[in-house]
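For reference, query-v4.cif (mmCIF, C-alpha atoms):
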data_query
#
loop_
_atom_site.group_PDB
_atom_site.id
_atom_site.type_symbol
_atom_site.label_atom_id
_atom_site.label_comp_id
_atom_site.auth_asym_id
_atom_site.auth_seq_id
_atom_site.Cartn_x
_atom_site.Cartn_y
_atom_site.Cartn_z
ATOM 1 C CA MET A 226 79.169 10.526 79.081
ATOM 2 C CA LYS A 227 79.084 10.648 82.882
ATOM 3 C CA LYS A 228 81.619 13.282 83.966
ATOM 4 C CA ILE A 229 82.073 16.055 81.407
ATOM 5 C CA ILE A 230 84.509 18.967 81.212
ATOM 6 C CA VAL A 231 83.519 21.790 78.851
ATOM 7 C CA THR A 232 85.984 24.406 77.581
ATOM 8 C CA GLY A 233 84.743 27.741 76.290
ATOM 9 C CA ALA A 234 81.718 27.276 78.519
ATOM 10 C CA LEU A 235 80.709 30.965 78.455
ATOM 11 C CA GLY A 236 80.597 31.206 74.664
ATOM 12 C CA GLN A 237 77.583 31.203 72.355
ATOM 13 C CA ILE A 238 77.206 27.423 72.335
ATOM 14 C CA GLY A 239 78.938 26.548 75.582
ATOM 15 C CA SER A 240 76.739 28.689 77.811
ATOM 16 C CA GLU A 241 73.594 26.855 76.701
ATOM 17 C CA LEU A 242 75.252 23.466 76.304
ATOM 18 C CA VAL A 243 76.374 23.408 79.942
ATOM 19 C CA VAL A 244 72.791 23.988 81.094
ATOM 20 C CA LYS A 245 71.505 21.167 78.889
ATOM 21 C CA LEU A 246 74.225 18.750 79.955
ATOM 22 C CA ARG A 247 73.572 19.489 83.628
ATOM 23 C CA ASP A 248 69.869 18.862 83.111
ATOM 24 C CA ILE A 249 70.663 15.451 81.622
ATOM 25 C CA TYR A 250 73.716 14.261 83.579
ATOM 26 C CA GLY A 251 73.456 16.237 86.840
ATOM 27 C CA VAL A 252 74.841 19.614 87.907
ATOM 28 C CA GLY A 253 77.835 18.148 89.700
ATOM 29 C CA ASN A 254 78.861 16.022 86.726
ATOM 30 C CA VAL A 255 79.563 18.911 84.331
ATOM 31 C CA LEU A 256 82.604 21.116 84.928
ATOM 32 C CA ALA A 257 82.389 24.417 83.045
ATOM 33 C CA THR A 258 85.648 26.207 82.233
ATOM 34 C CA ASP A 259 86.484 29.477 80.527
ATOM 35 C CA ILE A 260 89.136 32.174 80.468
ATOM 36 C CA ARG A 261 86.823 34.565 82.370
ATOM 37 C CA LYS A 262 84.546 34.176 85.354
ATOM 38 C CA PRO A 263 80.765 33.888 84.916
ATOM 39 C CA GLU A 264 78.419 36.450 86.433
ATOM 40 C CA ASP A 265 76.529 33.657 88.170
ATOM 41 C CA THR A 266 77.873 30.240 89.121
ATOM 42 C CA CYS A 267 75.212 27.522 88.981
ATOM 43 C CA GLY A 268 77.533 24.551 89.156
ATOM 44 C CA PRO A 269 81.218 23.554 89.107
ATOM 45 C CA PHE A 270 83.375 26.174 87.350
ATOM 46 C CA GLU A 271 87.105 26.715 86.938
ATOM 47 C CA LEU A 272 89.126 29.349 85.136
ATOM 48 C CA LEU A 273 91.049 27.829 82.215
ATOM 49 C CA ASP A 274 93.139 29.250 79.402
ATOM 50 C CA VAL A 275 93.102 26.413 76.851
ATOM 51 C CA THR A 276 96.669 27.236 75.835
ATOM 52 C CA ASP A 277 97.697 26.047 79.333
ATOM 53 C CA ALA A 278 97.991 22.301 78.736
ATOM 54 C CA LYS A 279 99.046 21.411 82.280
ATOM 55 C CA LYS A 280 96.093 23.129 83.913
ATOM 56 C CA MET A 281 93.710 21.539 81.406
ATOM 57 C CA HIS A 282 95.165 18.122 82.259
ATOM 58 C CA ASP A 283 95.035 18.707 86.016
ATOM 59 C CA LEU A 284 91.451 19.986 85.995
ATOM 60 C CA SER A 285 90.271 17.051 83.873
ATOM 61 C CA LYS A 286 92.082 14.504 86.059
ATOM 62 C CA ASP A 287 91.010 16.003 89.391
ATOM 63 C CA PHE A 288 87.398 16.210 88.227
ATOM 64 C CA GLY A 289 87.476 12.573 87.128
ATOM 65 C CA ALA A 290 86.251 13.454 83.653
ATOM 66 C CA ASP A 291 85.445 10.765 81.119
ATOM 67 C CA THR A 292 84.462 13.243 78.382
ATOM 68 C CA MET A 293 85.829 16.539 77.079
ATOM 69 C CA ILE A 294 83.714 18.896 74.992
ATOM 70 C CA HIS A 295 86.095 21.459 73.560
ATOM 71 C CA MET A 296 84.230 24.629 72.512
ATOM 72 C CA ALA A 297 86.895 27.325 73.050
ATOM 73 C CA ALA A 298 87.688 29.083 69.761
ATOM 74 C CA LEU A 299 87.840 32.452 68.040
ATOM 75 C CA LEU A 300 85.003 32.873 65.506
ATOM 76 C CA SER A 301 85.238 33.684 61.800
ATOM 77 C CA ALA A 302 85.044 37.484 61.527
ATOM 78 C CA THR A 303 87.014 37.990 64.746
ATOM 79 C CA ALA A 304 89.695 35.571 63.583
ATOM 80 C CA GLU A 305 90.246 37.574 60.397
ATOM 81 C CA LYS A 306 91.149 40.630 62.481
ATOM 82 C CA ASN A 307 93.966 38.761 64.221
ATOM 83 C CA PRO A 308 94.820 35.580 62.293
ATOM 84 C CA GLN A 309 98.023 34.792 64.193
ATOM 85 C CA PHE A 310 96.223 34.898 67.533
ATOM 86 C CA ALA A 311 93.388 32.833 66.061
ATOM 87 C CA TRP A 312 95.805 30.122 64.952
ATOM 88 C CA ASN A 313 97.550 29.998 68.322
ATOM 89 C CA LEU A 314 94.283 29.850 70.264
ATOM 90 C CA ASN A 315 92.245 27.605 67.984
ATOM 91 C CA MET A 316 94.932 25.112 67.041
ATOM 92 C CA GLY A 317 97.020 25.283 70.199
ATOM 93 C CA GLY A 318 93.943 24.822 72.361
ATOM 94 C CA LEU A 319 92.711 21.927 70.231
ATOM 95 C CA MET A 320 96.066 20.144 70.355
ATOM 96 C CA ASN A 321 96.143 20.498 74.139
ATOM 97 C CA ALA A 322 92.579 19.179 74.432
ATOM 98 C CA LEU A 323 93.331 16.173 72.229
ATOM 99 C CA GLU A 324 96.509 15.387 74.155
ATOM 100 C CA VAL A 325 94.671 15.524 77.484
ATOM 101 C CA SER A 326 91.987 13.257 76.010
ATOM 102 C CA ARG A 327 94.656 10.810 74.850
ATOM 103 C CA GLU A 328 96.448 10.833 78.200
ATOM 104 C CA LEU A 329 93.266 10.409 80.275
ATOM 105 C CA ASN A 330 91.318 8.242 77.792
ATOM 106 C CA LEU A 331 88.477 10.755 77.418
ATOM 107 C CA GLN A 332 85.707 10.712 74.846
ATOM 108 C CA PHE A 333 86.145 13.920 72.848
ATOM 109 C CA PHE A 334 83.949 16.375 70.948
ATOM 110 C CA THR A 335 84.846 19.561 69.130
ATOM 111 C CA PRO A 336 82.790 21.386 66.506
ATOM 112 C CA SER A 337 83.828 22.167 62.980
ATOM 113 C CA SER A 338 81.867 24.553 60.765
ATOM 114 C CA ILE A 339 80.613 25.292 57.284
ATOM 115 C CA GLY A 340 83.595 27.666 57.357
ATOM 116 C CA ALA A 341 85.721 24.594 56.573
ATOM 117 C CA PHE A 342 84.456 24.837 53.000
ATOM 118 C CA GLY A 343 85.730 27.317 50.431
ATOM 119 C CA PRO A 344 84.835 28.970 47.125
ATOM 120 C CA SER A 345 85.814 25.877 45.113
ATOM 121 C CA THR A 346 83.506 23.618 47.167
ATOM 122 C CA PRO A 347 80.207 22.705 45.450
ATOM 123 C CA LYS A 348 77.780 25.447 46.563
ATOM 124 C CA ASP A 349 74.481 23.579 46.549
ATOM 125 C CA ASN A 350 73.751 20.429 48.563
ATOM 126 C CA THR A 351 77.434 20.317 49.532
ATOM 127 C CA PRO A 352 78.465 16.661 50.071
ATOM 128 C CA GLN A 353 79.843 15.234 53.301
ATOM 129 C CA ASP A 354 83.123 14.391 51.579
ATOM 130 C CA THR A 355 84.195 17.082 49.138
ATOM 131 C CA LEU A 356 86.872 19.616 48.229
ATOM 132 C CA GLN A 357 87.792 21.877 51.168
ATOM 133 C CA ARG A 358 89.973 24.892 50.370
ATOM 134 C CA PRO A 359 88.830 27.683 52.724
ATOM 135 C CA THR A 360 90.119 31.229 52.288
ATOM 136 C CA THR A 361 89.832 32.380 55.917
ATOM 137 C CA MET A 362 92.004 31.667 58.952
ATOM 138 C CA TYR A 363 88.926 30.326 60.737
ATOM 139 C CA GLY A 364 88.292 27.921 57.872
ATOM 140 C CA VAL A 365 91.920 26.818 57.761
ATOM 141 C CA ASN A 366 91.736 26.152 61.509
ATOM 142 C CA LYS A 367 88.581 24.076 61.072
ATOM 143 C CA VAL A 368 89.978 21.911 58.249
ATOM 144 C CA ALA A 369 93.192 21.355 60.184
ATOM 145 C CA GLY A 370 91.114 20.527 63.259
ATOM 146 C CA GLU A 371 89.023 17.973 61.388
ATOM 147 C CA LEU A 372 92.182 16.240 60.171
ATOM 148 C CA LEU A 373 93.803 16.405 63.591
ATOM 149 C CA CYS A 374 90.789 14.761 65.229
ATOM 150 C CA ASP A 375 90.789 12.037 62.573
ATOM 151 C CA TYR A 376 94.499 11.519 63.255
ATOM 152 C CA TYR A 377 94.032 11.179 67.001
ATOM 153 C CA TYR A 378 91.322 8.579 66.400
ATOM 154 C CA SER A 379 93.283 6.514 63.859
ATOM 155 C CA ARG A 380 96.714 6.904 65.504
ATOM 156 C CA PHE A 381 95.878 6.827 69.222
ATOM 157 C CA GLY A 382 92.323 5.483 69.399
ATOM 158 C CA VAL A 383 90.865 8.645 70.962
ATOM 159 C CA ASP A 384 87.062 8.531 70.581
ATOM 160 C CA THR A 385 86.841 11.839 68.704
ATOM 161 C CA ARG A 386 83.517 13.077 67.362
ATOM 162 C CA GLY A 387 82.294 16.318 65.800
ATOM 163 C CA VAL A 388 79.886 18.116 63.508
ATOM 164 C CA ARG A 389 80.152 20.949 61.001
ATOM 165 C CA PHE A 390 77.801 23.522 62.463
ATOM 166 C CA PRO A 391 75.979 25.956 60.213
ATOM 167 C CA GLY A 392 75.146 29.431 61.527
ATOM 168 C CA LEU A 393 73.554 29.094 64.959
ATOM 169 C CA ILE A 394 70.641 31.231 66.117
ATOM 170 C CA SER A 395 69.871 31.749 69.807
ATOM 171 C CA TYR A 396 67.979 34.149 72.064
ATOM 172 C CA ALA A 397 70.147 33.301 75.085
ATOM 173 C CA THR A 398 73.462 34.830 74.031
ATOM 174 C CA PRO A 399 74.190 37.960 71.965
ATOM 175 C CA PRO A 400 76.118 37.809 68.656
ATOM 176 C CA GLY A 401 79.750 36.860 69.155
ATOM 177 C CA GLY A 402 81.754 37.765 66.055
ATOM 178 C CA GLY A 403 80.557 35.195 63.541
ATOM 179 C CA THR A 404 79.661 35.844 59.910
ATOM 180 C CA THR A 405 76.187 34.344 60.340
ATOM 181 C CA ASP A 406 75.416 36.428 63.442
ATOM 182 C CA TYR A 407 73.198 38.754 61.432
ATOM 183 C CA ALA A 408 70.534 36.073 61.784
ATOM 184 C CA VAL A 409 70.670 36.571 65.563
ATOM 185 C CA ASP A 410 71.027 40.342 65.655
ATOM 186 C CA ILE A 411 68.072 40.885 63.313
ATOM 187 C CA TYR A 412 65.657 39.533 65.961
ATOM 188 C CA TYR A 413 67.063 41.823 68.647
ATOM 189 C CA LYS A 414 66.810 44.861 66.382
ATOM 190 C CA ALA A 415 63.323 43.901 65.180
ATOM 191 C CA ILE A 416 61.998 43.964 68.741
ATOM 192 C CA GLU A 417 64.042 46.880 70.081
ATOM 193 C CA GLN A 418 64.127 49.223 67.063
ATOM 194 C CA GLY A 419 61.727 47.854 64.459
ATOM 195 C CA ARG A 420 64.413 47.890 61.783
ATOM 196 C CA TYR A 421 67.720 46.270 60.906
ATOM 197 C CA THR A 422 70.661 47.061 58.626
ATOM 198 C CA SER A 423 72.112 43.834 57.257
ATOM 199 C CA TYR A 424 75.860 43.552 56.696
ATOM 200 C CA ILE A 425 75.182 40.502 54.492
ATOM 201 C CA ALA A 426 73.898 41.189 50.967
ATOM 202 C CA GLU A 427 70.440 40.222 49.767
ATOM 203 C CA GLY A 428 70.442 36.862 48.004
ATOM 204 C CA THR A 429 73.296 35.416 50.102
ATOM 205 C CA TYR A 430 72.137 31.975 51.219
ATOM 206 C CA MET A 431 73.750 30.271 54.205
ATOM 207 C CA ASP A 432 72.839 27.215 56.253
ATOM 208 C CA MET A 433 71.410 27.911 59.698
ATOM 209 C CA MET A 434 70.187 26.033 62.771
ATOM 210 C CA TYR A 435 68.280 26.952 65.920
ATOM 211 C CA MET A 436 70.316 26.371 69.065
ATOM 212 C CA PRO A 437 68.047 23.684 70.618
ATOM 213 C CA ASP A 438 68.674 21.479 67.571
ATOM 214 C CA ALA A 439 72.424 22.126 67.762
ATOM 215 C CA LEU A 440 72.621 21.160 71.433
ATOM 216 C CA GLN A 441 70.594 17.997 70.889
ATOM 217 C CA ALA A 442 72.849 17.056 67.982
ATOM 218 C CA ILE A 443 75.905 17.138 70.264
ATOM 219 C CA VAL A 444 74.243 14.903 72.855
ATOM 220 C CA ASN A 445 72.920 12.470 70.248
ATOM 221 C CA LEU A 446 76.280 12.133 68.501
ATOM 222 C CA MET A 447 78.165 11.611 71.756
ATOM 223 C CA GLU A 448 75.679 8.951 72.870
ATOM 224 C CA ALA A 449 75.655 7.199 69.468
ATOM 225 C CA ASP A 450 77.091 3.718 68.927
ATOM 226 C CA GLY A 451 80.656 4.396 67.812
ATOM 227 C CA SER A 452 80.781 1.220 65.735
ATOM 228 C CA LYS A 453 78.193 2.724 63.378
ATOM 229 C CA LEU A 454 80.141 5.944 62.757
ATOM 230 C CA LYS A 455 81.957 5.887 59.457
ATOM 231 C CA HIS A 456 82.987 9.539 59.555
ATOM 232 C CA ARG A 457 83.202 10.203 63.322
ATOM 233 C CA ASN A 458 84.281 13.829 62.885
ATOM 234 C CA ALA A 459 82.934 16.787 60.946
ATOM 235 C CA PHE A 460 79.454 15.507 60.114
ATOM 236 C CA ASN A 461 77.493 17.934 57.949
ATOM 237 C CA ILE A 462 74.335 19.016 59.797
ATOM 238 C CA THR A 463 71.776 21.657 58.873
ATOM 239 C CA ALA A 464 68.194 22.667 59.520
ATOM 240 C CA MET A 465 67.472 25.425 56.987
ATOM 241 C CA SER A 466 69.056 27.650 54.363
ATOM 242 C CA PHE A 467 67.887 31.219 53.793
ATOM 243 C CA GLU A 468 69.041 34.676 52.712
ATOM 244 C CA PRO A 469 68.455 37.957 54.599
ATOM 245 C CA SER A 470 65.214 39.019 52.910
ATOM 246 C CA GLN A 471 63.590 35.679 53.768
ATOM 247 C CA ILE A 472 64.207 36.024 57.484
ATOM 248 C CA ALA A 473 62.989 39.626 57.282
ATOM 249 C CA GLU A 474 59.751 38.526 55.615
ATOM 250 C CA GLU A 475 59.208 35.891 58.295
ATOM 251 C CA ILE A 476 59.672 38.518 61.016
ATOM 252 C CA LYS A 477 57.145 40.802 59.260
ATOM 253 C CA LYS A 478 54.467 38.169 59.795
ATOM 254 C CA HIS A 479 54.758 38.998 63.498
ATOM 255 C CA ILE A 480 56.024 42.601 63.364
ATOM 256 C CA PRO A 481 54.340 44.048 60.234
ATOM 257 C CA THR A 482 56.117 47.424 60.511
ATOM 258 C CA PHE A 483 59.592 45.861 60.517
ATOM 259 C CA LYS A 484 62.009 47.378 57.974
ATOM 260 C CA MET A 485 65.356 46.123 56.727
ATOM 261 C CA ASP A 486 68.035 47.757 54.601
ATOM 262 C CA TYR A 487 71.609 46.848 53.673
ATOM 263 C CA ASN A 488 75.099 48.147 54.381
ATOM 264 C CA VAL A 489 77.313 45.275 53.269
ATOM 265 C CA ASP A 490 80.498 44.583 55.217
ATOM 266 C CA PRO A 491 83.080 43.508 52.595
ATOM 267 C CA VAL A 492 85.012 41.251 54.997
ATOM 268 C CA ARG A 493 82.034 39.276 56.264
ATOM 269 C CA GLN A 494 80.413 39.238 52.821
ATOM 270 C CA ALA A 495 83.558 37.726 51.320
ATOM 271 C CA ILE A 496 83.512 35.050 53.999
ATOM 272 C CA ALA A 497 79.834 34.312 53.364
ATOM 273 C CA ASP A 498 80.398 34.137 49.601
ATOM 274 C CA SER A 499 83.047 31.455 50.129
ATOM 275 C CA TRP A 500 80.615 29.188 52.004
ATOM 276 C CA PRO A 501 77.951 26.829 50.622
ATOM 277 C CA ASN A 502 74.372 27.856 49.897
ATOM 278 C CA SER A 503 73.132 24.559 51.340
ATOM 279 C CA ILE A 504 74.703 21.345 52.602
ATOM 280 C CA ASP A 505 73.835 17.639 52.538
ATOM 281 C CA SER A 506 73.382 16.162 56.045
ATOM 282 C CA SER A 507 72.468 12.625 54.918
ATOM 283 C CA ALA A 508 75.594 11.020 56.450
ATOM 284 C CA ALA A 509 74.638 12.300 59.923
ATOM 285 C CA GLU A 510 71.058 11.161 59.383
ATOM 286 C CA GLU A 511 72.130 7.672 58.362
ATOM 287 C CA GLU A 512 74.970 7.087 60.840
ATOM 288 C CA TRP A 513 73.485 8.469 64.076
ATOM 289 C CA GLY A 514 69.935 9.607 63.332
ATOM 290 C CA PHE A 515 70.406 13.361 63.117
ATOM 291 C CA LYS A 516 67.159 15.300 62.736
ATOM 292 C CA ALA A 517 66.314 18.992 63.156
ATOM 293 C CA ASP A 518 62.962 20.010 64.641
ATOM 294 C CA TYR A 519 63.040 23.720 63.770
ATOM 295 C CA ASN A 520 62.617 25.461 60.412
ATOM 296 C CA LEU A 521 62.594 29.213 59.714
ATOM 297 C CA GLU A 522 58.884 29.551 60.493
ATOM 298 C CA ASN A 523 58.658 27.830 63.880
ATOM 299 C CA MET A 524 62.098 29.117 64.915
ATOM 300 C CA THR A 525 60.964 32.707 64.332
ATOM 301 C CA VAL A 526 57.866 32.216 66.472
ATOM 302 C CA ASP A 527 59.912 30.784 69.340
ATOM 303 C CA MET A 528 62.790 33.242 68.935
ATOM 304 C CA LEU A 529 60.554 36.316 69.114
ATOM 305 C CA GLU A 530 58.587 34.961 72.071
ATOM 306 C CA LYS A 531 61.665 34.042 74.109
ATOM 307 C CA LEU A 532 63.600 37.164 73.183
ATOM 308 C CA ARG A 533 60.709 39.471 74.107
ATOM 309 C CA ALA A 534 60.499 37.807 77.510
ATOM 310 C CA LYS A 535 64.257 38.166 77.980
ATOM 311 C CA LEU A 536 64.310 41.836 77.006
ATOM 312 C CA ASP A 537 61.265 42.602 79.166
ATOM 313 C CA GLN A 538 62.951 40.967 82.141
ATOM 314 C CA ARG A 539 66.123 42.938 81.475
ATOM 315 C CA ALA A 540 64.108 46.190 81.414
ATOM 316 C CA ILE A 541 62.471 45.352 84.752
ATOM 317 C CA SER A 542 65.731 44.531 86.455
#
Since I need it in another form, could you write the structure as structure tokens?
Amino acid sequence: MKKIIVTGALGQIGSELVVKLRDIYGVGNVLATDIRKPEDTCGPFELLDVTDAKKMHDLSKDFGADTMIHMAALLSATAEKNPQFAWNLNMGGLMNALEVSRELNLQFFTPSSIGAFGPSTPKDNTPQDTLQRPTTMYGVNKVAGELLCDYYYSRFGVDTRGVRFPGLISYATPPGGGTTDYAVDIYYKAIEQGRYTSYIAEGTYMDMMYMPDALQAIVNLMEADGSKLKHRNAFNITAMSFEPSQIAEEIKKHIPTFKMDYNVDPVRQAIADSWPNSIDSSAAEEEWGFKADYNLENMTVDMLEKLRAKLDQRAIS
């Protein structure tokens, strides 16, 4: 990667990924794009609706990109509210991005998700290669996207790569409509209100990852020797698996008065119930050296420290 265009650059992952990529490859070598303008522009930025294939092509060509990182997508809970729009955005945008990558010979990354699994998938230590029959539009999009990326590699030779992200936890961006976002919101509420009402039921395990590990995984996979990649797309990766009461207990170690109760959202609970309890990331470990540095304990320490500083700064300003 030398000249990188990023779609969905203002989203949960994209906003932090652009900063990391610019730190590594140089500010001027990373073009951020999104459908809305950023509040602050700290490097090259262009407005882009990913359903506009011509503009995506022209921006990539004019920038001299050699890599596209396609992050623009509607998340799980939001997609269920408008499944037709989700299909048009998620799949239409992905097809455009793959076509531009084929036409301009770009290396290509797009994320999949644990949402690509379904209720008939093995729940514990879910294998890399297994039954995928999701019951959400988001999951259907992700399975179709995995297959489409495999097709563009085998049919056209596009250097497609991707991972199946678990729930991602970050202090930098607020929750954005995902089923696992309770694990972000709980930290905000713990600091601001001292209590949290979980929309996910007690005992519901889901895989999670702290954002620094997720960002490093993207860089490491894109820089990996392609000849060693057997799967290329949709690598299982994970750092931890926990249920709501476990994250609450970890927070109590630092905020002893913290309280949590439950008001389960049937839509997001049904989505969570269709996903694995834990997944097997051994293929990513073996093929390109994936490793996570954060677990629930050290993530909580860092998350509370960074989030307090962010909220204090917001109060001052």
(message) As a check of understanding, name the residues that the PyMOL selection byres ((chain A and resi 506-521) around 8) selects in the supplied structure, as a list in words.
(response) Pro352, Gln353, Met434, Tyr435, Asp438, Ala442, Asn445, Leu446, Ala449, Asp450, Lys453, Leu454, Lys455, Phe460, Asn461, Ile462, Thr463, Ala464, Met465, Ile472, Glu475, Ile504, Asp505, Glu522, Asn523, Met524 and Thr525 of chain A
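Residue nearest Val231 of chain A within the list A:His295, A:Lys279, A:Lys245, A:Lys477: A:His295 [criterion: smallest interatomic distance, only C-alpha atoms].
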(message) Nearest residue to Val489 of chain A out of A:Ala426, A:Met436, A:Ile260, A:Leu393, using only C-alpha atoms?
(response) A:Ala426
(request) For atom CA of Glu241 of chain A and atom CA of Met362 of chain A, quote the distance in Å rounded to one decimal. (result) 26.0 Å
(request) Tell me, as JSON, numbers by chain, which residues lie within 8 Å of Cys374 of chain A, counting all atoms listed in the file; anything in the same chain fewer than 3 positions away does not count. (result) {"A": [323, 370, 371, 377, 378, 385, 386, 458]}
So that I have them on file, write out the residues from the current selection with C-alpha atoms, as a PDB file, in the coordinates of the input.
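Produced file part.pdb, reproduced below:
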ATOM      1  CA  LEU A 323      93.331  16.173  72.229  1.00  0.00           C
ATOM      2  CA  GLY A 370      91.114  20.527  63.259  1.00  0.00           C
ATOM      3  CA  GLU A 371      89.023  17.973  61.388  1.00  0.00           C
ATOM      4  CA  TYR A 377      94.032  11.179  67.001  1.00  0.00           C
ATOM      5  CA  TYR A 378      91.322   8.579  66.400  1.00  0.00           C
ATOM      6  CA  THR A 385      86.841  11.839  68.704  1.00  0.00           C
ATOM      7  CA  ARG A 386      83.517  13.077  67.362  1.00  0.00           C
ATOM      8  CA  ASN A 458      84.281  13.829  62.885  1.00  0.00           C
TER       9      ASN A 458
END
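All protein and nucleic acid residues in the vicinity of (85.7, 28.4, 55.2), that is within 10 Å when counting only C-alpha atoms, are Ser301, Ser338, Ile339, Gly340, Ala341, Phe342, Gly343, Pro344, Thr346, Gln357, Arg358, Pro359, Thr360, Thr361, Met362, Tyr363, Gly364, Val365, Asn366, Lys367, Val368, Ile496, Ala497, Asp498, Ser499, Trp500 and Pro501 of chain A.
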(message) When the PyMOL selection byres ((chain A and resi 235) around 12) is applied to the structure above, which residues does it catch, written out as number ranges by chain?
(response) A: 231-234, 236-244, 256-266, 270-273, 295-298, 397-399, 401
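For the pair atom CA of Arg457 of chain A and atom CA of Leu246 of chain A, the separation is 20.7 Å.
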(request) Could you check how far atom CA of Phe467 of chain A sits from atom CA of Thr355 of chain A, in Å to one decimal? (result) 22.1 Å
Restore N, CA and C atoms in segment 430-448 of chain A and list the result as a PDB file, keeping the file's coordinate frame.
ATOM      1  N   TYR A 430      72.674  33.110  50.467  1.00  0.00           N
ATOM      2  CA  TYR A 430      72.137  31.975  51.219  1.00  0.00           C
ATOM      3  C   TYR A 430      73.236  31.358  52.088  1.00  0.00           C
ATOM      4  N   MET A 431      72.861  31.023  53.315  1.00  0.00           N
ATOM      5  CA  MET A 431      73.750  30.271  54.205  1.00  0.00           C
ATOM      6  C   MET A 431      72.915  29.308  55.041  1.00  0.00           C
ATOM      7  N   ASP A 432      73.523  28.176  55.389  1.00  0.00           N
ATOM      8  CA  ASP A 432      72.839  27.215  56.253  1.00  0.00           C
ATOM      9  C   ASP A 432      72.762  27.739  57.674  1.00  0.00           C
ATOM     10  N   MET A 433      71.639  27.451  58.331  1.00  0.00           N
ATOM     11  CA  MET A 433      71.410  27.911  59.698  1.00  0.00           C
ATOM     12  C   MET A 433      70.765  26.801  60.522  1.00  0.00           C
ATOM     13  N   MET A 434      70.800  26.985  61.853  1.00  0.00           N
ATOM     14  CA  MET A 434      70.187  26.033  62.771  1.00  0.00           C
ATOM     15  C   MET A 434      69.837  26.761  64.066  1.00  0.00           C
ATOM     16  N   TYR A 435      68.685  26.399  64.630  1.00  0.00           N
ATOM     17  CA  TYR A 435      68.280  26.952  65.920  1.00  0.00           C
ATOM     18  C   TYR A 435      69.030  26.209  67.016  1.00  0.00           C
ATOM     19  N   MET A 436      69.438  26.936  68.041  1.00  0.00           N
ATOM     20  CA  MET A 436      70.316  26.371  69.065  1.00  0.00           C
ATOM     21  C   MET A 436      69.789  25.083  69.711  1.00  0.00           C
ATOM     22  N   PRO A 437      68.491  24.955  70.024  1.00  0.00           N
ATOM     23  CA  PRO A 437      68.047  23.684  70.618  1.00  0.00           C
ATOM     24  C   PRO A 437      68.389  22.461  69.774  1.00  0.00           C
ATOM     25  N   ASP A 438      68.297  22.585  68.451  1.00  0.00           N
ATOM     26  CA  ASP A 438      68.674  21.479  67.571  1.00  0.00           C
ATOM     27  C   ASP A 438      70.173  21.212  67.623  1.00  0.00           C
ATOM     28  N   ALA A 439      70.968  22.279  67.712  1.00  0.00           N
ATOM     29  CA  ALA A 439      72.424  22.126  67.762  1.00  0.00           C
ATOM     30  C   ALA A 439      72.853  21.406  69.039  1.00  0.00           C
ATOM     31  N   LEU A 440      72.266  21.782  70.161  1.00  0.00           N
ATOM     32  CA  LEU A 440      72.621  21.160  71.433  1.00  0.00           C
ATOM     33  C   LEU A 440      72.229  19.688  71.450  1.00  0.00           C
ATOM     34  N   GLN A 441      71.038  19.389  70.926  1.00  0.00           N
ATOM     35  CA  GLN A 441      70.594  17.997  70.889  1.00  0.00           C
ATOM     36  C   GLN A 441      71.477  17.159  69.976  1.00  0.00           C
ATOM     37  N   ALA A 442      71.962  17.771  68.906  1.00  0.00           N
ATOM     38  CA  ALA A 442      72.849  17.056  67.982  1.00  0.00           C
ATOM     39  C   ALA A 442      74.131  16.630  68.690  1.00  0.00           C
ATOM     40  N   ILE A 443      74.687  17.492  69.527  1.00  0.00           N
ATOM     41  CA  ILE A 443      75.905  17.138  70.264  1.00  0.00           C
ATOM     42  C   ILE A 443      75.645  15.936  71.165  1.00  0.00           C
ATOM     43  N   VAL A 444      74.566  15.999  71.939  1.00  0.00           N
ATOM     44  CA  VAL A 444      74.243  14.903  72.855  1.00  0.00           C
ATOM     45  C   VAL A 444      74.020  13.605  72.084  1.00  0.00           C
ATOM     46  N   ASN A 445      73.243  13.683  71.010  1.00  0.00           N
ATOM     47  CA  ASN A 445      72.920  12.470  70.248  1.00  0.00           C
ATOM     48  C   ASN A 445      74.172  11.846  69.627  1.00  0.00           C
ATOM     49  N   LEU A 446      75.060  12.670  69.101  1.00  0.00           N
ATOM     50  CA  LEU A 446      76.280  12.133  68.501  1.00  0.00           C
ATOM     51  C   LEU A 446      77.178  11.502  69.564  1.00  0.00           C
ATOM     52  N   MET A 447      77.300  12.149  70.706  1.00  0.00           N
ATOM     53  CA  MET A 447      78.165  11.611  71.756  1.00  0.00           C
ATOM     54  C   MET A 447      77.614  10.319  72.349  1.00  0.00           C
ATOM     55  N   GLU A 448      76.299  10.164  72.320  1.00  0.00           N
ATOM     56  CA  GLU A 448      75.679   8.951  72.870  1.00  0.00           C
ATOM     57  C   GLU A 448      75.519   7.856  71.805  1.00  0.00           C
TER      58      GLU A 448
END
